[in-house]
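Novice: work34.cif is the file, holding mmCIF, C-alpha atoms and all ligand atoms:
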data_entry
loop_
_atom_site.label_atom_id
_atom_site.label_comp_id
_atom_site.auth_asym_id
_atom_site.auth_seq_id
_atom_site.Cartn_x
_atom_site.Cartn_y
_atom_site.Cartn_z
CA MET S 13 -37.38 0.49 -6.16
CA SER S 14 -36.98 -1.82 -3.19
CA ILE S 15 -37.91 -0.72 0.30
CA SER S 16 -36.28 -2.78 3.03
CA SER S 17 -37.92 -3.19 6.42
CA PRO S 18 -35.89 -2.72 9.62
CA THR S 19 -35.91 -6.53 9.97
CA GLY S 20 -34.56 -6.80 6.42
CA ASN S 21 -31.74 -4.42 7.31
CA ARG S 22 -30.90 -6.46 10.39
CA ASP S 23 -30.83 -9.70 8.36
CA GLN S 24 -28.58 -8.03 5.80
CA LEU S 25 -26.24 -6.82 8.54
CA ALA S 26 -26.05 -10.29 10.12
CA ASN S 27 -25.38 -11.82 6.71
CA ASP S 28 -22.60 -9.29 6.02
CA GLN S 29 -21.03 -9.97 9.42
CA GLN S 30 -20.93 -13.70 8.76
CA ARG S 31 -18.90 -13.04 5.62
CA LEU S 32 -16.35 -10.83 7.37
CA THR S 33 -13.45 -11.68 9.67
CA ILE S 34 -10.80 -9.13 10.61
CA GLN S 35 -7.70 -10.11 12.54
CA ASP S 36 -5.45 -7.46 14.09
CA LEU S 37 -1.84 -8.60 13.84
CA SER S 38 -0.41 -5.38 15.23
CA ASP S 39 -1.25 -6.59 18.74
CA PRO S 40 2.02 -7.88 20.28
CA GLN S 41 0.02 -10.66 21.95
CA VAL S 42 -0.84 -11.97 18.48
CA THR S 43 2.40 -11.24 16.65
CA VAL S 44 5.65 -11.53 18.56
CA SER S 45 7.46 -9.37 15.97
CA ALA S 46 4.96 -6.53 16.48
CA ASN S 47 7.35 -4.55 18.65
CA GLU S 48 5.50 -1.29 18.16
CA GLY S 49 7.65 1.64 17.17
CA SER S 50 10.96 -0.22 16.98
CA ASP S 51 11.25 0.60 13.25
CA LEU S 52 10.58 4.26 14.06
CA ILE S 53 13.34 4.34 16.68
CA ALA S 54 15.72 2.71 14.19
CA GLY S 55 14.83 5.27 11.50
CA LEU S 56 15.10 8.34 13.71
CA THR S 57 18.44 7.38 15.21
CA GLN S 58 20.22 6.98 11.83
CA ARG S 59 22.45 9.69 10.39
CA GLN S 60 19.93 10.32 7.58
CA LYS S 61 16.79 10.33 9.70
CA THR S 62 13.89 8.42 8.19
CA ILE S 63 10.36 7.51 9.19
CA PRO S 64 9.03 4.25 7.71
CA CYS S 65 6.35 5.31 5.26
CA HIS S 66 3.60 3.10 6.67
CA TYR S 67 3.28 5.72 9.45
CA LEU S 68 1.77 8.02 6.80
CA TYR S 69 -1.37 5.90 7.01
CA ASP S 70 -3.52 6.43 10.07
CA ASP S 71 -7.26 6.84 9.35
CA ARG S 72 -6.75 10.50 8.40
CA GLY S 73 -3.72 9.66 6.25
CA SER S 74 -5.74 7.03 4.39
CA GLU S 75 -8.50 9.58 3.79
CA ILE S 76 -6.00 12.10 2.43
CA PHE S 77 -4.48 9.42 0.20
CA GLU S 78 -7.93 8.90 -1.34
CA GLN S 79 -8.00 12.63 -2.16
CA ILE S 80 -4.53 12.35 -3.71
CA CYS S 81 -5.80 9.57 -6.01
CA GLU S 82 -8.34 12.04 -7.43
CA LEU S 83 -5.82 14.82 -8.13
CA PRO S 84 -5.20 15.76 -11.78
CA GLU S 85 -1.42 15.55 -11.19
CA TYR S 86 -1.56 12.08 -9.59
CA TYR S 87 -1.67 9.84 -12.66
CA PRO S 88 -0.78 6.40 -11.07
CA THR S 89 -4.26 5.47 -9.80
CA ARG S 90 -6.22 6.16 -12.97
CA THR S 91 -3.44 4.74 -15.16
CA GLU S 92 -3.32 1.45 -13.28
CA ALA S 93 -7.13 1.30 -13.26
CA GLU S 94 -7.07 1.64 -17.05
CA ILE S 95 -4.83 -1.44 -17.30
CA LEU S 96 -6.92 -3.46 -14.84
CA GLU S 97 -10.12 -2.56 -16.63
CA ALA S 98 -8.74 -3.68 -20.00
CA ASN S 99 -7.03 -6.84 -18.75
CA GLY S 100 -8.83 -8.03 -15.62
CA SER S 101 -10.56 -10.84 -17.49
CA ALA S 102 -7.26 -12.04 -19.02
CA ILE S 103 -5.83 -12.19 -15.48
CA ALA S 104 -8.83 -14.14 -14.15
CA GLN S 105 -8.77 -16.52 -17.12
CA THR S 106 -5.09 -17.24 -16.51
CA THR S 107 -5.36 -17.92 -12.79
CA GLY S 108 -8.76 -19.64 -12.69
CA PRO S 109 -10.65 -19.62 -9.35
CA CYS S 110 -8.28 -18.02 -6.92
CA GLU S 111 -8.16 -16.43 -3.47
CA LEU S 112 -7.25 -12.75 -3.86
CA ILE S 113 -4.73 -11.47 -1.29
CA GLU S 114 -3.96 -7.75 -1.48
CA LEU S 115 -0.94 -6.07 0.10
CA GLY S 116 -1.82 -2.49 1.11
CA SER S 117 -5.47 -2.72 0.11
CA GLY S 118 -6.46 0.84 1.16
CA SER S 119 -9.96 1.59 -0.14
CA SER S 120 -9.84 -1.48 -2.44
CA THR S 121 -11.30 0.68 -5.21
CA LYS S 122 -9.22 -0.78 -8.06
CA THR S 123 -9.69 -4.26 -6.58
CA ARG S 124 -13.33 -4.02 -7.62
CA LEU S 125 -12.17 -4.30 -11.23
CA LEU S 126 -10.62 -7.67 -10.38
CA PHE S 127 -13.73 -8.81 -8.47
CA ASP S 128 -15.86 -7.97 -11.52
CA SER S 129 -13.58 -10.04 -13.76
CA TYR S 130 -13.61 -13.09 -11.45
CA ASP S 131 -17.35 -12.72 -10.84
CA ASN S 132 -18.11 -12.53 -14.59
CA LEU S 133 -16.41 -15.89 -15.02
CA GLY S 134 -18.53 -17.34 -12.22
CA TYR S 135 -15.55 -17.78 -9.88
CA PRO S 136 -16.10 -17.55 -6.10
CA LEU S 137 -14.94 -14.29 -4.52
CA ARG S 138 -12.70 -14.67 -1.51
CA TYR S 139 -10.57 -11.70 -0.50
CA VAL S 140 -7.77 -11.17 2.03
CA PRO S 141 -7.09 -7.40 2.31
CA ILE S 142 -3.92 -6.52 4.23
CA ASP S 143 -3.30 -3.02 5.55
CA VAL S 144 -1.82 -1.17 8.51
CA SER S 145 -4.75 1.23 8.41
CA ALA S 146 -7.42 -0.57 10.47
CA GLY S 147 -10.19 2.00 10.01
CA MET S 148 -9.82 2.08 6.23
CA LEU S 149 -9.65 -1.71 5.98
CA GLU S 150 -12.85 -2.20 7.99
CA ALA S 151 -14.83 0.57 6.27
CA SER S 152 -13.83 -0.66 2.78
CA ALA S 153 -14.60 -4.28 3.67
CA LYS S 154 -18.13 -3.36 4.75
CA GLU S 155 -18.76 -1.47 1.51
CA LEU S 156 -17.45 -4.38 -0.54
CA LEU S 157 -19.74 -6.86 1.25
CA ARG S 158 -22.71 -4.65 0.48
CA ASP S 159 -21.80 -4.47 -3.22
CA TYR S 160 -20.70 -8.11 -3.75
CA PRO S 161 -23.28 -10.41 -2.13
CA THR S 162 -21.19 -13.59 -2.47
CA LEU S 163 -17.87 -12.09 -1.40
CA LYS S 164 -16.14 -13.44 1.73
CA ILE S 165 -13.45 -11.34 3.39
CA TYR S 166 -10.70 -12.25 5.84
CA GLY S 167 -8.89 -8.98 6.57
CA LEU S 168 -5.49 -8.73 8.23
CA VAL S 169 -4.49 -5.51 9.99
CA GLY S 170 -0.71 -5.29 10.11
CA THR S 171 2.39 -4.84 8.02
CA TYR S 172 3.03 -6.81 4.83
CA GLU S 173 5.67 -8.80 6.67
CA GLN S 174 3.39 -9.70 9.60
CA ALA S 175 0.45 -10.59 7.36
CA LEU S 176 2.41 -12.79 4.95
CA GLN S 177 3.36 -14.94 7.93
CA HIS S 178 -0.28 -15.24 9.05
CA LEU S 179 -2.30 -15.90 5.90
CA PRO S 180 -5.48 -17.84 6.67
CA PRO S 181 -5.87 -21.28 5.05
CA SER S 182 -7.43 -20.89 1.61
CA PRO S 183 -10.55 -22.83 0.62
CA LEU S 184 -9.74 -22.26 -3.09
CA PRO S 185 -7.29 -24.26 -5.22
CA LYS S 186 -5.02 -21.30 -5.92
CA GLN S 187 -4.02 -17.99 -4.35
CA MET S 188 -2.85 -14.74 -5.90
CA VAL S 189 -1.01 -12.09 -3.90
CA PHE S 190 -1.27 -8.69 -5.55
CA PHE S 191 0.53 -5.46 -4.85
CA LEU S 192 -0.94 -2.46 -6.66
CA GLY S 193 -0.29 1.28 -6.75
CA SER S 194 3.45 0.75 -7.21
CA SER S 195 3.70 0.49 -3.42
CA LEU S 196 6.73 -1.75 -3.98
CA GLY S 197 8.50 1.50 -4.93
CA ASN S 198 8.46 2.53 -1.26
CA PHE S 199 11.17 -0.04 -0.63
CA ALA S 200 14.90 -0.01 -1.39
CA PRO S 201 16.13 -2.78 -3.75
CA LYS S 202 17.26 -5.10 -0.91
CA GLN S 203 13.90 -4.75 0.86
CA CYS S 204 12.07 -5.52 -2.43
CA GLN S 205 14.05 -8.73 -2.72
CA GLU S 206 13.04 -9.57 0.86
CA ILE S 207 9.36 -8.91 0.07
CA PHE S 208 9.54 -11.20 -3.00
CA ARG S 209 11.03 -13.90 -0.78
CA GLN S 210 8.30 -13.47 1.83
CA ILE S 211 5.66 -13.72 -0.90
CA THR S 212 7.07 -16.89 -2.45
CA ALA S 213 7.50 -18.42 1.02
CA SER S 214 3.86 -17.74 1.91
CA LEU S 215 2.42 -19.23 -1.31
CA ASN S 216 2.57 -22.64 -3.01
CA PRO S 217 4.27 -23.45 -6.31
CA GLY S 218 1.81 -22.64 -9.11
CA ASP S 219 0.22 -19.73 -7.18
CA TYR S 220 0.29 -16.22 -8.61
CA PHE S 221 1.70 -12.77 -7.93
CA LEU S 222 0.38 -9.64 -9.64
CA LEU S 223 2.50 -6.50 -9.38
CA GLY S 224 1.63 -2.93 -10.40
CA LEU S 225 4.64 -0.73 -11.17
CA ASP S 226 5.13 2.93 -11.97
CA LEU S 227 7.74 3.20 -14.73
CA GLN S 228 10.52 5.73 -15.22
CA LYS S 229 9.43 8.90 -16.95
CA SER S 230 10.15 12.62 -17.18
CA LYS S 231 10.54 14.49 -13.91
CA ASP S 232 8.11 17.08 -15.28
CA ILE S 233 5.39 14.47 -14.88
CA LEU S 234 6.75 12.86 -11.70
CA GLU S 235 7.41 15.85 -9.47
CA PRO S 236 3.94 17.48 -9.65
CA ALA S 237 2.39 14.09 -8.81
CA TYR S 238 4.09 14.31 -5.39
CA ASN S 239 3.74 18.05 -4.89
CA ASP S 240 0.33 19.04 -6.18
CA SER S 241 -0.88 22.60 -6.61
CA GLN S 242 -3.61 22.25 -3.93
CA GLY S 243 -1.15 21.15 -1.23
CA ILE S 244 -2.93 17.83 -0.56
CA THR S 245 0.29 15.79 -0.75
CA ALA S 246 1.96 18.25 1.62
CA GLU S 247 -0.93 17.78 4.08
CA PHE S 248 -0.50 14.00 3.76
CA ASN S 249 3.14 14.43 4.78
CA TYR S 250 2.37 16.79 7.72
CA ASN S 251 -0.35 14.45 8.99
CA LEU S 252 2.39 11.93 9.66
CA LEU S 253 3.58 14.15 12.52
CA ASP S 254 0.09 14.34 14.05
CA HIS S 255 -0.14 10.55 13.80
CA LEU S 256 3.18 10.04 15.58
CA ASN S 257 2.23 12.56 18.28
CA ARG S 258 -1.00 10.73 19.01
CA ARG S 259 0.39 7.23 18.79
CA PHE S 260 3.66 7.73 20.65
CA GLN S 261 2.93 10.75 22.89
CA GLY S 262 5.06 13.00 20.72
CA ASN S 263 5.43 16.77 20.52
CA PHE S 264 6.23 17.36 16.84
CA ASN S 265 4.98 20.80 15.82
CA ARG S 266 4.02 20.73 12.15
CA GLN S 267 4.62 24.52 11.92
CA ASN S 268 8.33 23.76 12.35
CA PHE S 269 8.56 21.59 9.24
CA GLN S 270 8.32 22.02 5.47
CA HIS S 271 7.15 19.46 2.92
CA TRP S 272 9.99 18.87 0.44
CA THR S 273 10.01 16.45 -2.46
CA PHE S 274 12.06 15.95 -5.63
CA TYR S 275 13.00 13.37 -8.25
CA ASN S 276 16.45 11.90 -7.66
CA SER S 277 17.31 10.99 -11.23
CA GLU S 278 20.49 9.13 -10.25
CA LEU S 279 18.53 6.68 -8.09
CA GLY S 280 15.35 6.89 -10.21
CA GLN S 281 13.17 7.75 -7.22
CA ILE S 282 10.96 10.46 -5.82
CA GLU S 283 12.19 11.36 -2.34
CA THR S 284 9.92 13.07 0.15
CA TYR S 285 11.07 14.76 3.33
CA LEU S 286 9.93 16.90 6.24
CA ARG S 287 12.55 19.60 6.60
CA SER S 288 13.06 21.16 9.99
CA THR S 289 12.85 24.95 9.69
CA GLN S 290 14.83 25.47 12.93
CA ALA S 291 17.07 23.67 15.40
CA GLN S 292 14.69 21.77 17.66
CA THR S 293 14.30 18.87 20.08
CA VAL S 294 11.36 16.52 19.72
CA GLU S 295 10.27 13.87 22.18
CA LEU S 296 8.29 10.69 21.66
CA LYS S 297 7.53 9.80 25.27
CA ALA S 298 5.96 6.40 24.65
CA LEU S 299 9.19 5.32 22.94
CA ASP S 300 11.46 7.06 25.41
CA LEU S 301 13.06 8.76 22.41
CA THR S 302 14.49 12.26 22.05
CA VAL S 303 15.31 13.50 18.54
CA GLU S 304 17.62 16.48 17.96
CA LEU S 305 17.18 18.24 14.63
CA ASP S 306 19.42 20.92 13.11
CA ALA S 307 17.95 23.86 11.24
CA GLY S 308 17.45 22.68 7.63
CA GLU S 309 17.83 18.99 8.52
CA ALA S 310 15.39 16.83 6.59
CA ILE S 311 13.69 13.62 7.77
CA ARG S 312 12.98 11.29 4.84
CA THR S 313 9.36 10.12 5.00
CA GLU S 314 8.99 8.26 1.69
CA ILE S 315 10.79 7.06 -1.37
CA SER S 316 8.86 6.15 -4.46
CA ARG S 317 11.07 4.29 -6.89
CA LYS S 318 10.29 4.35 -10.60
CA PHE S 319 11.02 1.11 -12.38
CA ASP S 320 12.55 -0.19 -15.58
CA LEU S 321 10.32 -3.03 -16.79
CA PRO S 322 12.96 -5.38 -18.31
CA THR S 323 15.13 -5.05 -15.16
CA MET S 324 12.22 -5.86 -12.87
CA LYS S 325 11.19 -8.87 -14.98
CA LYS S 326 14.72 -10.24 -14.62
CA GLU S 327 14.69 -9.67 -10.84
CA LEU S 328 11.34 -11.43 -10.49
CA SER S 329 12.49 -14.51 -12.37
CA GLN S 330 15.68 -14.61 -10.29
CA GLU S 331 13.41 -14.82 -7.23
CA GLY S 332 11.44 -17.78 -8.60
CA LEU S 333 8.59 -15.65 -9.91
CA GLU S 334 8.08 -16.68 -13.53
CA VAL S 335 6.67 -13.80 -15.56
CA LEU S 336 3.57 -14.97 -17.48
CA ASN S 337 2.39 -11.68 -18.93
CA THR S 338 2.78 -7.92 -18.72
CA TRP S 339 0.33 -5.18 -19.65
CA GLN S 340 0.81 -1.43 -19.99
CA ASP S 341 -1.43 1.61 -20.40
CA SER S 342 -1.72 3.57 -23.63
CA GLN S 343 1.15 5.93 -22.63
CA ASN S 344 3.41 3.18 -21.24
CA TRP S 345 3.59 4.98 -17.90
CA PHE S 346 2.62 2.03 -15.73
CA ALA S 347 2.85 -1.76 -15.95
CA LEU S 348 1.07 -4.77 -14.49
CA ILE S 349 3.10 -7.97 -14.30
CA LEU S 350 1.50 -11.35 -13.70
CA CYS S 351 3.90 -13.98 -12.32
CA GLN S 352 3.57 -17.57 -11.21
CA ILE S 353 5.56 -19.14 -8.39
CA SER S 354 7.90 -21.59 -10.13
CA LYS S 355 6.71 -25.19 -9.87
C1 LIG B 1 -0.12 3.99 -1.74
S1 LIG B 1 -1.45 3.29 -0.85
C2 LIG B 1 -2.10 2.20 -2.09
C3 LIG B 1 -3.53 1.80 -1.85
C4 LIG B 1 -4.11 0.93 -2.97
N1 LIG B 1 -3.48 -0.37 -3.01
C5 LIG B 1 -3.94 1.61 -4.30
O1 LIG B 1 -3.24 1.07 -5.15
O2 LIG B 1 -4.53 2.69 -4.47
C6 LIG B 1 -0.61 2.18 0.21
C7 LIG B 1 -1.53 1.37 1.12
O3 LIG B 1 -0.74 0.40 1.78
C8 LIG B 1 -0.84 0.54 3.20
N2 LIG B 1 0.51 0.31 3.72
C9 LIG B 1 1.59 1.10 3.58
N3 LIG B 1 2.69 0.50 4.09
C10 LIG B 1 2.27 -0.69 4.58
C11 LIG B 1 2.94 -1.78 5.22
N4 LIG B 1 4.26 -1.75 5.47
N5 LIG B 1 2.21 -2.86 5.57
C12 LIG B 1 0.86 -2.92 5.33
N6 LIG B 1 0.18 -1.91 4.73
C13 LIG B 1 0.88 -0.83 4.35
C14 LIG B 1 -1.37 1.92 3.45
O4 LIG B 1 -2.13 2.00 4.63
C15 LIG B 1 -2.20 2.20 2.19
O5 LIG B 1 -3.53 1.79 2.34
#
Go ahead and render the structure in this file as structure tokens.

Specialist:
Amino acid sequence: MSISSPTGNRDQLANDQQRLTIQDLSDPQVTVSANEGSDLIAGLTQRQKTIPCHYLYDDRGSEIFEQICELPEYYPTRTEAEILEANGSAIAQTTGPCELIELGSGSSTKTRLLFDSYDNLGYPLRYVPIDVSAGMLEASAKELLRDYPTLKIYGLVGTYEQALQHLPPSPLPKQMVFFLGSSLGNFAPKQCQEIFRQITASLNPGDYFLLGLDLQKSKDILEPAYNDSQGITAEFNYNLLDHLNRRFQGNFNRQNFQHWTFYNSELGQIETYLRSTQAQTVELKALDLTVELDAGEAIRTEISRKFDLPTMKKELSQEGLEVLNTWQDSQNWFALILCQISK
């Protein structure tokens, strides 16, 4: 057992701080495109009202998402972890020493499986977590520094788009952007294409992209994953309203909405909504926005597309992302695809 003195703790803290930089890109003074709330105004003034799903993730939303990951119905997290655990060392051996850049890092729990693989091969650990959820990014980074004594972290708080335009210079010969949890599924096909383009533009030829994808499967498995028996996913959806109220001086009343989610088999996607239980007017004062809702009208808060692996592999190669390898779990529910930016 080791007992550390208060001085030891202070030294440890100073050492951890030297290995951590966090840059907030959501500040309009840093990022010109960070016109806060403009995407929300665009979504809420369309015929089919939508709220961009990154607003699900304030600190509380990120905490609830961690609870979702533990739910028996929510198979994606443990399934993807199974693939990473079995194949992390094959990924590290393929890329060699590499800066690890994660889109939507959240708690970085699964990322630890990659760190272990790179660490076992004696590769330096340098990590660029990217997330809109500042509190979660900072708390996770501090835990990682404690557990990986050689790890260096440069965190970026902001959207994927903002962060990909502001990647710090890498001290390592290669970089790998990775996008886990099938978060790509939150985007419509055109937006996915745009994200692939932003990724290839931000990397060099020969760099890597690792993508985790939830595959198409029976709606009997899909629907409970987004509407669990304990109501945690519903709470995640309602929390969005509290977040918007706080951030944009809004007056959404969560009692006037119902969580509603289903698998749209034609489009191959889970769709999640907040359905207004009555005709109502909502204001978001900070955005100077008034939203009229009819009784029964539903605001779409998330899509979660389910993918066909051969189709996605074709799309990736059309975007200059050469597929090097794919791995699946024992039930073929989820896939990890490792690509290289064409030379
Ligand atoms: C579904 S969670 C996945 C977390 C983790 N990667 C995993 O696989 O468990 C999505 C994460 O991405 C973040 N996020 C969502 N939309 C984002 C966006 N447009 N830009 C940056 N981060 C985003 C959220 O805050 C959250 O931490």

Novice: Show me which residues line ligand LIG 1 (chain B), defined as having an atom within 10 Å of a ligand atom where all atoms listed in the file count, and present them as a PDB file with C-alpha atoms, in the coordinates of the input.

Specialist:
ATOM      1  CA  PRO S  64       9.030   4.250   7.710  1.00  0.00           C
ATOM      2  CA  CYS S  65       6.350   5.310   5.260  1.00  0.00           C
ATOM      3  CA  HIS S  66       3.600   3.100   6.670  1.00  0.00           C
ATOM      4  CA  TYR S  67       3.280   5.720   9.450  1.00  0.00           C
ATOM      5  CA  LEU S  68       1.770   8.020   6.800  1.00  0.00           C
ATOM      6  CA  TYR S  69      -1.370   5.900   7.010  1.00  0.00           C
ATOM      7  CA  ASP S  70      -3.520   6.430  10.070  1.00  0.00           C
ATOM      8  CA  ASP S  71      -7.260   6.840   9.350  1.00  0.00           C
ATOM      9  CA  GLY S  73      -3.720   9.660   6.250  1.00  0.00           C
ATOM     10  CA  SER S  74      -5.740   7.030   4.390  1.00  0.00           C
ATOM     11  CA  GLU S  75      -8.500   9.580   3.790  1.00  0.00           C
ATOM     12  CA  PHE S  77      -4.480   9.420   0.200  1.00  0.00           C
ATOM     13  CA  GLU S  78      -7.930   8.900  -1.340  1.00  0.00           C
ATOM     14  CA  ILE S  80      -4.530  12.350  -3.710  1.00  0.00           C
ATOM     15  CA  CYS S  81      -5.800   9.570  -6.010  1.00  0.00           C
ATOM     16  CA  PRO S  88      -0.780   6.400 -11.070  1.00  0.00           C
ATOM     17  CA  THR S  89      -4.260   5.470  -9.800  1.00  0.00           C
ATOM     18  CA  ARG S  90      -6.220   6.160 -12.970  1.00  0.00           C
ATOM     19  CA  GLU S  92      -3.320   1.450 -13.280  1.00  0.00           C
ATOM     20  CA  ALA S  93      -7.130   1.300 -13.260  1.00  0.00           C
ATOM     21  CA  GLU S 114      -3.960  -7.750  -1.480  1.00  0.00           C
ATOM     22  CA  LEU S 115      -0.940  -6.070   0.100  1.00  0.00           C
ATOM     23  CA  GLY S 116      -1.820  -2.490   1.110  1.00  0.00           C
ATOM     24  CA  SER S 117      -5.470  -2.720   0.110  1.00  0.00           C
ATOM     25  CA  GLY S 118      -6.460   0.840   1.160  1.00  0.00           C
ATOM     26  CA  SER S 119      -9.960   1.590  -0.140  1.00  0.00           C
ATOM     27  CA  SER S 120      -9.840  -1.480  -2.440  1.00  0.00           C
ATOM     28  CA  THR S 121     -11.300   0.680  -5.210  1.00  0.00           C
ATOM     29  CA  LYS S 122      -9.220  -0.780  -8.060  1.00  0.00           C
ATOM     30  CA  THR S 123      -9.690  -4.260  -6.580  1.00  0.00           C
ATOM     31  CA  PRO S 141      -7.090  -7.400   2.310  1.00  0.00           C
ATOM     32  CA  ILE S 142      -3.920  -6.520   4.230  1.00  0.00           C
ATOM     33  CA  ASP S 143      -3.300  -3.020   5.550  1.00  0.00           C
ATOM     34  CA  VAL S 144      -1.820  -1.170   8.510  1.00  0.00           C
ATOM     35  CA  SER S 145      -4.750   1.230   8.410  1.00  0.00           C
ATOM     36  CA  ALA S 146      -7.420  -0.570  10.470  1.00  0.00           C
ATOM     37  CA  GLY S 147     -10.190   2.000  10.010  1.00  0.00           C
ATOM     38  CA  MET S 148      -9.820   2.080   6.230  1.00  0.00           C
ATOM     39  CA  LEU S 149      -9.650  -1.710   5.980  1.00  0.00           C
ATOM     40  CA  LEU S 168      -5.490  -8.730   8.230  1.00  0.00           C
ATOM     41  CA  VAL S 169      -4.490  -5.510   9.990  1.00  0.00           C
ATOM     42  CA  GLY S 170      -0.710  -5.290  10.110  1.00  0.00           C
ATOM     43  CA  THR S 171       2.390  -4.840   8.020  1.00  0.00           C
ATOM     44  CA  TYR S 172       3.030  -6.810   4.830  1.00  0.00           C
ATOM     45  CA  GLU S 173       5.670  -8.800   6.670  1.00  0.00           C
ATOM     46  CA  GLN S 174       3.390  -9.700   9.600  1.00  0.00           C
ATOM     47  CA  ALA S 175       0.450 -10.590   7.360  1.00  0.00           C
ATOM     48  CA  LEU S 176       2.410 -12.790   4.950  1.00  0.00           C
ATOM     49  CA  PHE S 190      -1.270  -8.690  -5.550  1.00  0.00           C
ATOM     50  CA  PHE S 191       0.530  -5.460  -4.850  1.00  0.00           C
ATOM     51  CA  LEU S 192      -0.940  -2.460  -6.660  1.00  0.00           C
ATOM     52  CA  GLY S 193      -0.290   1.280  -6.750  1.00  0.00           C
ATOM     53  CA  SER S 194       3.450   0.750  -7.210  1.00  0.00           C
ATOM     54  CA  SER S 195       3.700   0.490  -3.420  1.00  0.00           C
ATOM     55  CA  LEU S 196       6.730  -1.750  -3.980  1.00  0.00           C
ATOM     56  CA  GLY S 197       8.500   1.500  -4.930  1.00  0.00           C
ATOM     57  CA  ASN S 198       8.460   2.530  -1.260  1.00  0.00           C
ATOM     58  CA  PHE S 199      11.170  -0.040  -0.630  1.00  0.00           C
ATOM     59  CA  GLY S 224       1.630  -2.930 -10.400  1.00  0.00           C
ATOM     60  CA  SER S 316       8.860   6.150  -4.460  1.00  0.00           C
TER      61      SER S 316
END

Novice: Record the distance separating CA of Ala237 (chain S) and CA of Ile311 (chain S), expressed in Å with one decimal.

Specialist: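 These atoms are spaced 20.1 Å apart.
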
Novice: Suppose you want the space between CA of Val294 (chain S) and CA of Asn268 (chain S); what is it in Å?

Specialist: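 Between CA of Val294 (chain S) and CA of Asn268 (chain S) the gap is 10.8 Å.
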
Novice: Which distance in Å separates CA of Gln58 (chain S) and CA of Leu286 (chain S), to one decimal?

Specialist: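 Value for the CA of Gln58 (chain S)-CA of Leu286 (chain S) distance: 15.3 Å.
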
Novice: With only C-alpha atoms as the basis for distance, which of S:Pro161, S:Pro322, S:Gly167, S:Pro183 is at the shortest distance from Val140 (chain S)?

Specialist: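 Closest residue, counting only C-alpha atoms: S:Gly167.
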
Novice: May I ask which of the residues S:Leu252, S:Ala307, S:Leu279, S:Ala102 is the closest one to Ala291 (chain S), counting only C-alpha atoms?

Specialist: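 So, comparing all the options, the nearest one is S:Ala307.
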
Novice: Counting all atoms listed in the file, note down every residue that has an atom within 7 Å of the point (10.3, 22.9, 4.0) (file coordinates), as a compact mmCIF listing (two decimals) with C-alpha atoms, keeping the file's coordinate frame.

Specialist:
# COMPACT_ATOMS: atom_id res chain seq x y z
CA PHE S 269 8.56 21.59 9.24
CA GLN S 270 8.32 22.02 5.47
CA HIS S 271 7.15 19.46 2.92
CA TRP S 272 9.99 18.87 0.44
CA LEU S 286 9.93 16.90 6.24
CA ARG S 287 12.55 19.60 6.60
CA SER S 288 13.06 21.16 9.99
CA THR S 289 12.85 24.95 9.69

Novice: Looking at S:Ser50, S:Ser342, S:Gln105, S:Ser241, which one is nearest to Ala298 (chain S), with distances taken over all atoms listed in the file?

Specialist: S:Ser50

Novice: Would you pick out the contacts of region 127-132 of chain S at 12 Å or less, using only C-alpha atoms, so that residues sharing its chain but fewer than 2 positions from it are not included, and give the list as a ChimeraX atom specification?

Specialist: /S:96-113,120-125,134-139,156-157,159-164

Novice: May I have the selected residues written with C-alpha atoms, as a compact mmCIF listing (two decimals), in the frame of the given file?

Specialist:
# COMPACT_ATOMS: atom_id res chain seq x y z
CA LEU S 96 -6.92 -3.46 -14.84
CA GLU S 97 -10.12 -2.56 -16.63
CA ALA S 98 -8.74 -3.68 -20.00
CA ASN S 99 -7.03 -6.84 -18.75
CA GLY S 100 -8.83 -8.03 -15.62
CA SER S 101 -10.56 -10.84 -17.49
CA ALA S 102 -7.26 -12.04 -19.02
CA ILE S 103 -5.83 -12.19 -15.48
CA ALA S 104 -8.83 -14.14 -14.15
CA GLN S 105 -8.77 -16.52 -17.12
CA THR S 106 -5.09 -17.24 -16.51
CA THR S 107 -5.36 -17.92 -12.79
CA GLY S 108 -8.76 -19.64 -12.69
CA PRO S 109 -10.65 -19.62 -9.35
CA CYS S 110 -8.28 -18.02 -6.92
CA GLU S 111 -8.16 -16.43 -3.47
CA LEU S 112 -7.25 -12.75 -3.86
CA ILE S 113 -4.73 -11.47 -1.29
CA SER S 120 -9.84 -1.48 -2.44
CA THR S 121 -11.30 0.68 -5.21
CA LYS S 122 -9.22 -0.78 -8.06
CA THR S 123 -9.69 -4.26 -6.58
CA ARG S 124 -13.33 -4.02 -7.62
CA LEU S 125 -12.17 -4.30 -11.23
CA GLY S 134 -18.53 -17.34 -12.22
CA TYR S 135 -15.55 -17.78 -9.88
CA PRO S 136 -16.10 -17.55 -6.10
CA LEU S 137 -14.94 -14.29 -4.52
CA ARG S 138 -12.70 -14.67 -1.51
CA TYR S 139 -10.57 -11.70 -0.50
CA LEU S 156 -17.45 -4.38 -0.54
CA LEU S 157 -19.74 -6.86 1.25
CA ASP S 159 -21.80 -4.47 -3.22
CA TYR S 160 -20.70 -8.11 -3.75
CA PRO S 161 -23.28 -10.41 -2.13
CA THR S 162 -21.19 -13.59 -2.47
CA LEU S 163 -17.87 -12.09 -1.40
CA LYS S 164 -16.14 -13.44 1.73

Novice: Around the point (18.8, 9.4, 17.9) in the file's coordinates, collect all residues with an atom within 10 Å, using only C-alpha atoms, and return them as a ChimeraX atom specification.

Specialist: /S:53-59,61,301-305

Novice: From the options S:Ile34, S:Ile95, S:Ile282, S:Leu299, which residue's atoms come nearest to Arg312 (chain S), counting only C-alpha atoms?

Specialist: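 Of S:Ile34, S:Ile95, S:Ile282, S:Leu299, the one nearest Arg312 (chain S), counting only C-alpha atoms, is S:Ile282.
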